[in-house]
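Okay, input.txt now, which holds compact mmCIF, C-alpha atoms and all ligand atoms:
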```txt
# COMPACT_ATOMS: atom_id res chain seq x y z
CA MET O 22 -140.46 130.25 73.47
CA LYS O 23 -141.72 133.80 73.54
CA ARG O 24 -138.76 134.75 75.69
CA ILE O 25 -136.29 133.17 73.25
CA ILE O 26 -137.82 135.02 70.29
CA LEU O 27 -137.72 138.25 72.29
CA SER O 28 -134.03 137.68 73.10
CA ILE O 29 -133.23 137.01 69.44
CA CYS O 30 -135.05 140.17 68.36
CA LEU O 31 -133.24 142.17 71.03
CA PHE O 32 -129.90 140.70 69.94
CA LEU O 33 -130.55 141.47 66.26
CA GLY O 34 -131.78 144.96 67.15
CA VAL O 35 -128.66 145.76 69.16
CA HIS O 36 -126.50 144.46 66.33
CA ALA O 37 -128.33 146.55 63.75
CA THR O 38 -127.90 149.65 65.95
CA VAL O 39 -124.18 148.99 66.46
CA ALA O 40 -123.72 148.39 62.72
CA ALA O 41 -125.53 151.65 61.91
CA ALA O 42 -123.36 153.55 64.42
CA ASP O 43 -120.18 152.04 62.90
CA ARG O 44 -121.37 152.99 59.44
CA ASP O 45 -122.13 156.56 60.59
CA ASP O 46 -118.67 156.80 62.21
CA GLU O 47 -117.05 155.64 59.00
CA ARG O 48 -119.07 158.12 56.94
CA MET O 49 -118.31 160.96 59.35
CA ARG O 50 -114.65 160.10 59.07
CA ALA O 51 -114.88 160.23 55.28
CA PHE O 52 -116.83 163.50 55.51
CA VAL O 53 -114.24 165.24 57.72
CA MET O 54 -111.27 163.90 55.74
CA GLY O 55 -112.77 165.11 52.47
CA LEU O 56 -113.70 168.61 53.67
CA PRO O 57 -111.51 171.12 51.79
CA LYS O 58 -109.06 172.70 54.24
CA ALA O 59 -106.29 175.27 54.48
CA GLU O 60 -103.30 174.20 56.56
CA LEU O 61 -102.03 177.37 58.24
CA HIS O 62 -99.86 176.09 61.06
CA LEU O 63 -97.27 173.47 60.36
CA HIS O 64 -93.50 173.37 60.48
CA MET O 65 -91.65 171.88 57.53
CA GLU O 66 -89.11 170.43 59.95
CA GLY O 67 -91.80 168.84 62.13
CA THR O 68 -93.43 167.04 59.20
CA MET O 69 -90.46 164.68 58.92
CA GLU O 70 -91.61 161.15 59.83
CA PRO O 71 -89.18 158.79 61.67
CA GLU O 72 -88.78 156.60 58.55
CA LEU O 73 -87.79 159.58 56.40
CA PHE O 74 -85.45 160.87 59.12
CA LEU O 75 -83.58 157.54 59.00
CA ALA O 76 -83.51 157.49 55.18
CA ILE O 77 -82.11 161.04 55.01
CA ALA O 78 -79.49 160.31 57.69
CA ARG O 79 -78.43 157.20 55.75
CA ARG O 80 -78.05 158.92 52.39
CA ASN O 81 -76.16 161.83 53.96
CA GLY O 82 -73.82 159.38 55.69
CA ILE O 83 -74.74 160.63 59.16
CA ASP O 84 -74.53 158.23 62.11
CA VAL O 85 -77.58 158.47 64.33
CA PRO O 86 -78.14 156.53 67.56
CA TYR O 87 -81.42 154.99 66.28
CA ASP O 88 -81.66 151.80 64.27
CA SER O 89 -85.41 151.77 63.59
CA PRO O 90 -88.44 154.08 63.41
CA GLU O 91 -89.48 152.62 66.78
CA ALA O 92 -86.21 153.81 68.32
CA VAL O 93 -86.85 157.33 66.96
CA LYS O 94 -90.35 157.23 68.44
CA ASP O 95 -88.85 156.17 71.77
CA ARG O 96 -86.65 159.24 71.66
CA LEU O 97 -89.74 161.35 70.87
CA ARG O 98 -91.39 159.86 73.96
CA ALA O 99 -89.12 162.13 76.02
CA ALA O 100 -91.07 165.17 74.73
CA HIS O 101 -93.64 166.34 77.27
CA ASP O 102 -93.66 170.12 76.91
CA LEU O 103 -92.51 172.80 74.48
CA PRO O 104 -88.80 173.00 75.46
CA SER O 105 -88.35 169.22 75.66
CA PHE O 106 -90.07 168.79 72.29
CA ILE O 107 -87.96 171.49 70.61
CA GLU O 108 -84.76 169.89 71.91
CA ILE O 109 -85.63 166.69 70.00
CA TYR O 110 -86.98 168.58 66.98
CA GLU O 111 -83.65 170.41 66.63
CA GLU O 112 -81.75 167.16 67.08
CA LEU O 113 -83.73 165.28 64.43
CA ILE O 114 -83.66 168.04 61.84
CA SER O 115 -79.87 168.13 62.00
CA VAL O 116 -79.68 165.28 59.43
CA VAL O 117 -80.99 167.67 56.76
CA GLU O 118 -78.09 168.89 54.64
CA GLN O 119 -79.24 169.15 51.02
CA PRO O 120 -82.06 170.88 49.11
CA GLU O 121 -83.27 167.37 48.08
CA ASP O 122 -83.83 166.54 51.75
CA ILE O 123 -86.20 169.49 52.09
CA ARG O 124 -87.85 168.63 48.79
CA ASP O 125 -88.52 165.05 49.95
CA ILE O 126 -89.77 166.09 53.39
CA THR O 127 -92.18 168.65 51.98
CA LEU O 128 -93.45 166.47 49.13
CA ALA O 129 -94.19 163.61 51.54
CA TYR O 130 -96.12 166.08 53.70
CA TYR O 131 -98.13 167.54 50.80
CA ARG O 132 -99.16 164.06 49.65
CA LYS O 133 -100.38 163.14 53.11
CA ALA O 134 -102.10 166.48 53.66
CA TYR O 135 -103.78 166.36 50.26
CA SER O 136 -105.22 162.95 51.11
CA GLN O 137 -106.84 164.60 54.17
CA GLY O 138 -108.44 167.47 52.26
CA VAL O 139 -105.73 170.15 52.32
CA ARG O 140 -106.06 172.33 49.22
CA HIS O 141 -103.91 175.25 50.40
CA ALA O 142 -100.92 175.14 52.74
CA GLU O 143 -98.92 177.91 54.42
CA MET O 144 -95.78 176.22 55.62
CA TYR O 145 -93.46 177.51 58.32
CA PHE O 146 -89.75 176.83 58.02
CA ASP O 147 -86.88 177.66 60.41
CA PRO O 148 -83.96 179.01 58.33
CA GLN O 149 -81.80 179.64 61.40
CA LEU O 150 -81.75 175.93 62.26
CA HIS O 151 -80.31 175.16 58.83
CA LEU O 152 -77.90 178.11 58.65
CA GLU O 153 -76.47 177.11 62.04
CA ARG O 154 -75.35 173.83 60.48
CA GLY O 155 -73.83 175.23 57.32
CA MET O 156 -76.66 175.15 54.79
CA THR O 157 -77.14 178.38 52.86
CA LEU O 158 -80.41 180.27 52.44
CA GLU O 159 -80.24 179.45 48.76
CA MET O 160 -80.20 175.72 49.51
CA VAL O 161 -83.18 176.06 51.86
CA PHE O 162 -85.25 178.08 49.38
CA ASP O 163 -84.26 175.74 46.53
CA GLY O 164 -85.49 172.75 48.54
CA LEU O 165 -88.78 174.47 49.39
CA ALA O 166 -89.31 175.55 45.77
CA ALA O 167 -88.58 172.05 44.45
CA GLY O 168 -91.07 170.47 46.89
CA ARG O 169 -93.72 173.00 45.98
CA ALA O 170 -93.20 172.58 42.22
CA ALA O 171 -93.42 168.79 42.46
CA ALA O 172 -96.55 168.96 44.63
CA MET O 173 -98.33 171.48 42.42
CA GLN O 174 -97.62 169.34 39.38
CA GLU O 175 -99.02 166.27 41.07
CA MET O 176 -101.93 167.71 43.07
CA ASP O 177 -104.52 170.46 42.99
CA ILE O 178 -102.93 172.37 45.86
CA THR O 179 -101.53 175.87 46.42
CA ILE O 180 -98.57 176.45 48.73
CA GLY O 181 -96.99 179.46 50.42
CA PHE O 182 -94.17 179.83 52.93
CA ILE O 183 -93.80 181.56 56.29
CA MET O 184 -90.26 182.25 57.45
CA ALA O 185 -89.98 181.66 61.20
CA PHE O 186 -87.56 183.28 63.61
CA LEU O 187 -86.50 181.46 66.76
CA ARG O 188 -87.79 183.18 69.89
CA ASP O 189 -85.00 181.75 72.03
CA ARG O 190 -82.20 183.16 69.85
CA PRO O 191 -81.07 186.82 69.57
CA ALA O 192 -83.32 189.19 67.63
CA ALA O 193 -80.19 190.40 65.79
CA ASP O 194 -79.90 186.94 64.20
CA ALA O 195 -83.50 187.17 63.02
CA MET O 196 -82.89 190.62 61.56
CA ALA O 197 -79.80 189.36 59.73
CA VAL O 198 -81.77 186.44 58.22
CA LEU O 199 -84.63 188.74 57.21
CA GLU O 200 -82.17 190.98 55.36
CA ALA O 201 -80.16 188.13 53.84
CA ALA O 202 -83.39 186.57 52.53
CA GLU O 203 -84.23 189.71 50.56
CA PRO O 204 -83.77 187.97 47.15
CA TRP O 205 -86.47 185.47 48.19
CA HIS O 206 -88.96 187.84 49.84
CA GLY O 207 -91.18 187.30 46.81
CA GLN O 208 -91.37 183.60 47.74
CA LEU O 209 -92.71 184.40 51.20
CA LEU O 210 -96.22 185.09 52.42
CA GLY O 211 -94.98 186.34 55.74
CA VAL O 212 -92.89 185.82 58.85
CA GLY O 213 -93.59 184.32 62.25
CA LEU O 214 -92.05 183.38 65.59
CA ASP O 215 -91.63 179.88 67.01
CA ASN O 216 -89.40 177.73 69.29
CA PRO O 217 -89.55 178.03 73.10
CA GLU O 218 -91.53 180.97 74.48
CA VAL O 219 -89.19 183.33 76.31
CA GLU O 220 -90.59 186.12 78.46
CA ASP O 221 -91.49 189.34 76.63
CA PHE O 222 -90.45 187.96 73.25
CA HIS O 223 -92.83 190.46 71.64
CA LEU O 224 -90.64 193.35 72.84
CA LYS O 225 -87.47 191.61 71.65
CA PHE O 226 -88.78 191.09 68.11
CA GLU O 227 -90.63 194.38 67.61
CA PRO O 228 -87.96 195.92 65.32
CA VAL O 229 -87.75 192.72 63.23
CA PHE O 230 -91.51 192.66 62.72
CA LYS O 231 -91.60 196.37 61.87
CA ARG O 232 -88.94 195.76 59.23
CA ALA O 233 -90.74 192.69 57.85
CA ALA O 234 -94.00 194.66 57.61
CA SER O 235 -92.17 197.42 55.73
CA TYR O 236 -91.23 194.75 53.13
CA GLY O 237 -94.91 193.89 52.68
CA LEU O 238 -94.66 190.58 54.58
CA ARG O 239 -97.65 189.35 56.61
CA LEU O 240 -97.21 188.71 60.34
CA THR O 241 -98.06 185.84 62.65
CA SER O 242 -96.61 184.51 65.89
CA HIS O 243 -96.84 181.50 68.14
CA CYS O 244 -98.37 181.90 71.58
CA ASP O 245 -98.10 178.31 72.71
CA VAL O 246 -100.56 176.60 75.06
CA GLN O 247 -100.34 177.09 78.85
CA GLN O 248 -97.03 178.94 78.77
CA GLU O 249 -95.88 181.33 81.48
CA HIS O 250 -97.07 184.92 80.92
CA THR O 251 -99.40 183.69 78.21
CA ILE O 252 -102.00 186.47 78.51
CA LYS O 253 -99.30 189.17 78.45
CA HIS O 254 -97.75 187.51 75.38
CA HIS O 255 -101.08 187.33 73.53
CA TRP O 256 -101.61 191.06 74.11
CA GLY O 257 -98.00 191.68 73.10
CA VAL O 258 -98.19 189.93 69.75
CA ILE O 259 -101.44 191.77 68.97
CA GLU O 260 -100.58 195.26 70.15
CA VAL O 261 -96.79 195.42 69.78
CA LEU O 262 -96.15 193.08 66.84
CA GLY O 263 -99.46 193.63 65.01
CA VAL O 264 -100.03 189.99 64.02
CA GLU O 265 -102.98 188.88 61.88
CA ARG O 266 -102.94 185.34 63.27
CA ILE O 267 -101.82 183.65 66.49
CA ASP O 268 -100.45 180.12 66.25
CA HIS O 269 -102.06 177.99 68.96
CA GLY O 270 -103.72 180.93 70.76
CA LEU O 271 -105.94 178.63 72.82
CA ASN O 272 -105.48 180.56 76.08
CA VAL O 273 -107.42 183.45 74.55
CA ILE O 274 -110.40 181.63 76.09
CA ASP O 275 -109.09 182.50 79.59
CA ASP O 276 -109.42 186.26 79.26
CA PRO O 277 -112.71 187.86 78.17
CA GLU O 278 -111.09 191.19 77.22
CA LEU O 279 -108.51 189.41 75.08
CA LEU O 280 -111.20 187.33 73.42
CA LYS O 281 -113.15 190.50 72.63
CA GLU O 282 -110.07 192.07 71.03
CA VAL O 283 -109.21 188.94 69.02
CA LYS O 284 -112.75 188.84 67.68
CA ALA O 285 -112.89 192.57 66.96
CA ARG O 286 -109.68 192.36 64.93
CA GLY O 287 -110.67 189.08 63.23
CA ILE O 288 -107.42 187.45 64.33
CA GLY O 289 -107.16 183.81 63.25
CA LEU O 290 -106.31 181.25 65.94
CA THR O 291 -104.54 178.19 64.54
CA GLY O 292 -105.16 175.59 67.24
CA VAL O 293 -103.40 172.25 67.50
CA PRO O 294 -105.03 169.43 69.51
CA SER O 295 -101.95 167.26 68.99
CA LEU O 296 -100.55 164.38 71.03
CA PHE O 297 -96.96 163.68 71.96
CA TYR O 298 -95.75 160.08 71.70
CA ARG O 299 -95.77 160.03 75.51
CA ASP O 300 -99.20 159.37 77.00
CA MET O 301 -100.40 162.57 78.62
CA PRO O 302 -103.92 162.10 79.97
CA GLY O 303 -106.14 165.14 79.51
CA ARG O 304 -103.96 166.91 76.92
CA MET O 305 -106.30 166.28 73.98
CA GLU O 306 -109.40 167.00 76.09
CA TYR O 307 -107.97 170.32 77.30
CA ARG O 308 -106.99 171.49 73.83
CA ALA O 309 -110.10 170.23 72.06
CA GLY O 310 -112.24 171.81 74.81
CA ALA O 311 -110.55 175.18 74.26
CA VAL O 312 -111.03 174.89 70.47
CA LYS O 313 -114.73 174.15 70.96
CA ALA O 314 -115.17 177.00 73.47
CA LEU O 315 -113.44 179.49 71.15
CA LEU O 316 -115.49 178.29 68.22
CA ASP O 317 -118.69 178.70 70.22
CA ALA O 318 -117.53 182.17 71.28
CA GLY O 319 -117.29 183.16 67.60
CA ALA O 320 -113.50 183.39 67.25
CA GLU O 321 -111.84 182.64 63.88
CA MET O 322 -110.70 179.29 65.20
CA SER O 323 -109.28 176.50 63.04
CA ILE O 324 -107.39 173.24 63.59
CA HIS O 325 -103.91 172.44 62.22
CA SER O 326 -101.21 169.82 62.44
CA ASP O 327 -98.05 171.71 63.59
CA ASP O 328 -95.49 168.86 63.64
CA PRO O 329 -97.34 165.79 62.39
CA GLY O 330 -94.22 163.72 61.66
CA MET O 331 -93.04 164.07 65.25
CA LYS O 332 -96.40 163.91 67.02
CA ARG O 333 -97.74 160.42 66.34
CA GLY O 334 -98.18 160.90 62.58
CA LEU O 335 -101.50 162.70 63.10
CA TYR O 336 -102.41 165.06 60.26
CA ILE O 337 -105.07 167.75 59.99
CA GLY O 338 -108.06 165.48 59.32
CA ASP O 339 -106.96 163.03 62.04
CA LEU O 340 -106.76 165.88 64.54
CA MET O 341 -110.15 167.32 63.60
CA LEU O 342 -111.70 163.90 64.16
CA ARG O 343 -109.91 163.37 67.49
CA ALA O 344 -110.91 166.83 68.67
CA ARG O 345 -114.49 166.24 67.57
CA GLU O 346 -114.65 163.14 69.70
CA ALA O 347 -112.84 164.63 72.70
CA ALA O 348 -114.96 167.80 72.90
CA GLY O 349 -118.25 166.61 71.44
CA MET O 350 -118.01 168.83 68.39
CA THR O 351 -120.68 168.64 65.73
CA ARG O 352 -120.57 168.17 62.00
CA GLU O 353 -121.38 171.88 61.71
CA ASP O 354 -118.31 172.64 63.88
CA MET O 355 -116.15 170.67 61.43
CA ILE O 356 -117.51 172.74 58.55
CA THR O 357 -116.93 176.00 60.46
CA LEU O 358 -113.34 175.00 61.31
CA SER O 359 -112.65 174.32 57.63
CA LYS O 360 -114.28 177.57 56.52
CA ASN O 361 -112.33 179.54 59.14
CA SER O 362 -109.07 178.11 57.81
CA PHE O 363 -109.81 179.73 54.44
CA ARG O 364 -111.26 182.89 56.02
CA THR O 365 -107.92 183.54 57.74
CA ALA O 366 -105.61 182.19 55.01
CA TRP O 367 -103.28 184.61 53.23
CA ILE O 368 -104.92 184.22 49.83
CA SER O 369 -106.69 186.56 47.41
CA GLU O 370 -110.37 187.39 47.96
CA ASP O 371 -111.17 185.54 44.73
CA ALA O 372 -109.44 182.41 45.95
CA ARG O 373 -111.15 182.73 49.33
CA ALA O 374 -114.58 182.90 47.72
CA ARG O 375 -113.70 179.92 45.50
CA TYR O 376 -112.58 177.75 48.43
CA LEU O 377 -115.62 178.66 50.55
CA ARG O 378 -117.86 177.71 47.62
CA MET O 379 -115.88 174.48 47.28
CA ILE O 380 -116.81 173.61 50.89
CA ASP O 381 -120.51 174.37 50.33
CA ASP O 382 -120.51 172.25 47.16
CA TYR O 383 -118.72 169.42 48.96
CA VAL O 384 -121.26 169.42 51.83
CA ALA O 385 -124.21 169.54 49.41
CA ALA O 386 -122.84 166.63 47.36
CA PHE O 387 -122.13 164.60 50.50
CA ASP O 388 -125.64 165.19 51.88
CA GLU O 389 -127.19 164.20 48.60
CA ALA O 390 -125.21 160.96 48.56
CA HIS O 391 -125.86 160.23 52.28
CA PRO O 392 -129.18 161.83 53.30
CA GLU O 393 -129.20 159.79 56.52
CA MET O 394 -126.08 161.68 57.68
CA VAL O 395 -127.69 165.12 57.60
CA SER O 396 -129.20 164.53 61.05
CA VAL O 397 -126.01 163.09 62.60
CA PRO O 398 -124.56 165.79 64.89
N1 LIG O 401 -94.32 175.89 69.09
C1 LIG O 401 -93.18 176.55 69.02
N2 LIG O 401 -92.21 176.23 68.20
C2 LIG O 401 -92.38 175.18 67.40
C3 LIG O 401 -93.54 174.46 67.42
C4 LIG O 401 -94.58 174.83 68.29
O1 LIG O 401 -95.68 174.27 68.34
N3 LIG O 401 -93.39 173.46 66.51
C5 LIG O 401 -92.18 173.60 65.95
N4 LIG O 401 -91.56 174.65 66.48
ZN ZN O 402 -96.18 175.49 65.74
```

Show this structure as structure tokens.
Amino acid sequence: MKRIILSICLFLGVHATVAAADRDDERMRAFVMGLPKAELHLHMEGTMEPELFLAIARRNGIDVPYDSPEAVKDRLRAAHDLPSFIEIYEELISVVEQPEDIRDITLAYYRKAYSQGVRHAEMYFDPQLHLERGMTLEMVFDGLAAGRAAAMQEMDITIGFIMAFLRDRPAADAMAVLEAAEPWHGQLLGVGLDNPEVEDFHLKFEPVFKRAASYGLRLTSHCDVQQEHTIKHHWGVIEVLGVERIDHGLNVIDDPELLKEVKARGIGLTGVPSLFYRDMPGRMEYRAGAVKALLDAGAEMSIHSDDPGMKRGLYIGDLMLRAREAAGMTREDMITLSKNSFRTAWISEDARARYLRMIDDYVAAFDEAHPEMVSVP
């Protein structure tokens, strides 16, 4: 009899512990999702979900070889590195033809991001990809402006734009776009570099960045993860291009001198622990581990979503939670990541102070409502 009672108690005890752990997981999820965040690294084109891609193709009368979102995801399963991903990214974005397409893509993104705590977004876009297919700069900027206006009317969010140049195309094309975009320079926060990482791209784009800086535009550049010549490229974007942020930037952890320089200059690293549709064991662990190590080393590290529509529909809060789990990050790490996103955002000092206070107020209110969570790491 005693043994039976003991077994029942043990059973109930285990159940209570599991239930408490589930509840804590759920609360932690709510906590991370609700943390105010700045999204600093995402590509307008890469936010397009498979469903929206099909809807836009249909309304533009474009035949695509996919009859369902699943078929689009199957195509995305071919992506396994930067060049193979960009090949599909360029293919999918080719259905965009009208300003309304860009408006719809961006508004869908802002809604999703807002629901995961984003209160300020700095959105990359690739004008060259649209000009190549016959859109004009005016159409691209009109679409971006319409998406922003609709979002700001609907949500408490601020939005800025970063004009990207394609690293695998001639620098002369980038210079021509920079000059042609002069009427819209006031709409831009800055310029950046994306697409596949070609060797010594920092040397190729030095004159373009010098010109952009002379127009008062801020500077950032991708240094993607585990690319050839990555350490040389990190030094190049810092010393030759003079960037304030590095998109991805996770391999800074591999070089102590580089890490020292990044910290000394307060350069923001916009990491992305994303997943391709293809299963790639270790990818999340590697990236989340680098984020955690850089955070522990005191770098201005934050987490962002890059191409959420084309990488399993995982947005900023989803990725922070996945990275937390993969690298054993703490609640305090989540708060620091969010604060760093505002510390390195291109916003006024007033706005920065307001957003950082918003985070402190949010944490205080959450702890008051859930005192049992304060001790959960
Ligand atoms: N790296 C480079 N180019 C890109 C990316 C990226 O992560 N996403 C969209 N264009
Ligand atoms: Zn990117």

Selection near region 90-104 of chain O, 9 Å with all atoms listed in the file, sequence-local residues under 4 positions removed, as a PyMOL selection string: chain O and resi 70-75+86+108-110+113+216-218+245-246+248+297-301+331-333

Interatomic distance, CA of Ala318 (chain O) to CA of Asp268 (chain O) (Å, one decimal): 17.9 Å

Non-local contacts of Arg239 (chain O) (9 Å; all atoms listed in the file; under 3 positions in same chain excluded) as JSON, numbers by chain: {"O": [183, 209, 210, 211, 212, 213, 233, 234, 264, 265, 367]}

Residue neighbourhood region 43-59 of chain O, 6 Å, all atoms listed in the file, exclusion window fewer than 4 positions, as a ChimeraX atom specification: /O:137-142,338,359,362-363,380

Step by step, measure atom-to-atom distances between ligand LIG 401 (chain O) and each residue using only C-alpha atoms and all ligand atoms, keep those at most 9 Å, then write them as an mmCIF file with C-alpha atoms, in the coordinates of the input.
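Printed below is selection-v9.cif as written:
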```
data_model
loop_
_atom_site.group_PDB
_atom_site.id
_atom_site.type_symbol
_atom_site.label_atom_id
_atom_site.label_comp_id
_atom_site.auth_asym_id
_atom_site.auth_seq_id
_atom_site.Cartn_x
_atom_site.Cartn_y
_atom_site.Cartn_z
ATOM 1 C CA HIS O 62 -99.860 176.090 61.060
ATOM 2 C CA LEU O 63 -97.270 173.470 60.360
ATOM 3 C CA HIS O 64 -93.500 173.370 60.480
ATOM 4 C CA MET O 65 -91.650 171.880 57.530
ATOM 5 C CA GLU O 66 -89.110 170.430 59.950
ATOM 6 C CA GLY O 67 -91.800 168.840 62.130
ATOM 7 C CA LEU O 103 -92.510 172.800 74.480
ATOM 8 C CA PRO O 104 -88.800 173.000 75.460
ATOM 9 C CA PHE O 106 -90.070 168.790 72.290
ATOM 10 C CA ILE O 107 -87.960 171.490 70.610
ATOM 11 C CA TYR O 110 -86.980 168.580 66.980
ATOM 12 C CA GLU O 111 -83.650 170.410 66.630
ATOM 13 C CA TYR O 145 -93.460 177.510 58.320
ATOM 14 C CA PHE O 146 -89.750 176.830 58.020
ATOM 15 C CA ASP O 147 -86.880 177.660 60.410
ATOM 16 C CA ALA O 185 -89.980 181.660 61.200
ATOM 17 C CA LEU O 187 -86.500 181.460 66.760
ATOM 18 C CA ARG O 188 -87.790 183.180 69.890
ATOM 19 C CA LEU O 214 -92.050 183.380 65.590
ATOM 20 C CA ASP O 215 -91.630 179.880 67.010
ATOM 21 C CA ASN O 216 -89.400 177.730 69.290
ATOM 22 C CA PRO O 217 -89.550 178.030 73.100
ATOM 23 C CA GLU O 218 -91.530 180.970 74.480
ATOM 24 C CA HIS O 243 -96.840 181.500 68.140
ATOM 25 C CA CYS O 244 -98.370 181.900 71.580
ATOM 26 C CA ASP O 245 -98.100 178.310 72.710
ATOM 27 C CA VAL O 246 -100.560 176.600 75.060
ATOM 28 C CA ASP O 268 -100.450 180.120 66.250
ATOM 29 C CA HIS O 269 -102.060 177.990 68.960
ATOM 30 C CA VAL O 293 -103.400 172.250 67.500
ATOM 31 C CA ASP O 327 -98.050 171.710 63.590
ATOM 32 C CA ASP O 328 -95.490 168.860 63.640
#
```

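The coordinates place CA of Thr357 (chain O) at 10.3 Å from CA of Leu377 (chain O).
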
Selected residue of minimal separation from Glu278 (chain O) among O:Gly292, O:Ala166, O:Ile324, O:Trp256, counting all atoms listed in the file: O:Trp256

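Considering all atoms listed in the file, the residue among O:Tyr383, O:Tyr87, O:Phe186, O:Tyr376 positioned nearest to ligand ZN 402 (chain O) is O:Phe186.
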
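The neighbours of Ile83 (chain O) here are the residues that come within 9 Å of it, using all atoms listed in the file and leaving out any residue fewer than 5 positions away in the same chain; they are O:Ile77, O:Ala78, O:Val116.
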
Near-region 197-205 of chain O list (8 Å; only C-alpha atoms; drop same-chain fewer than 2 positions) as JSON, numbers by chain: {"O": [148, 149, 158, 162, 193, 194, 195, 207, 208, 209, 229, 233]}

Residue nearest ligand ZN 402 (chain O) - candidates O:Ser326, O:Ser235, O:Gln119, O:Ser369, atoms counted: only C-alpha atoms and all ligand atoms: O:Ser326

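CA of Ile267 (chain O) lies 13.2 Å from CA of Leu315 (chain O).
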
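Closest to ligand ZN 402 (chain O) among O:Ala372, O:Pro294, O:Glu260, O:Glu389 is O:Pro294, based on all atoms listed in the file.
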
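Among the candidates O:His325, O:Gly319, O:Ala129, O:Ala171, the residue lying nearest to ligand ZN 402 (chain O) is O:His325 (atoms considered: all atoms listed in the file).
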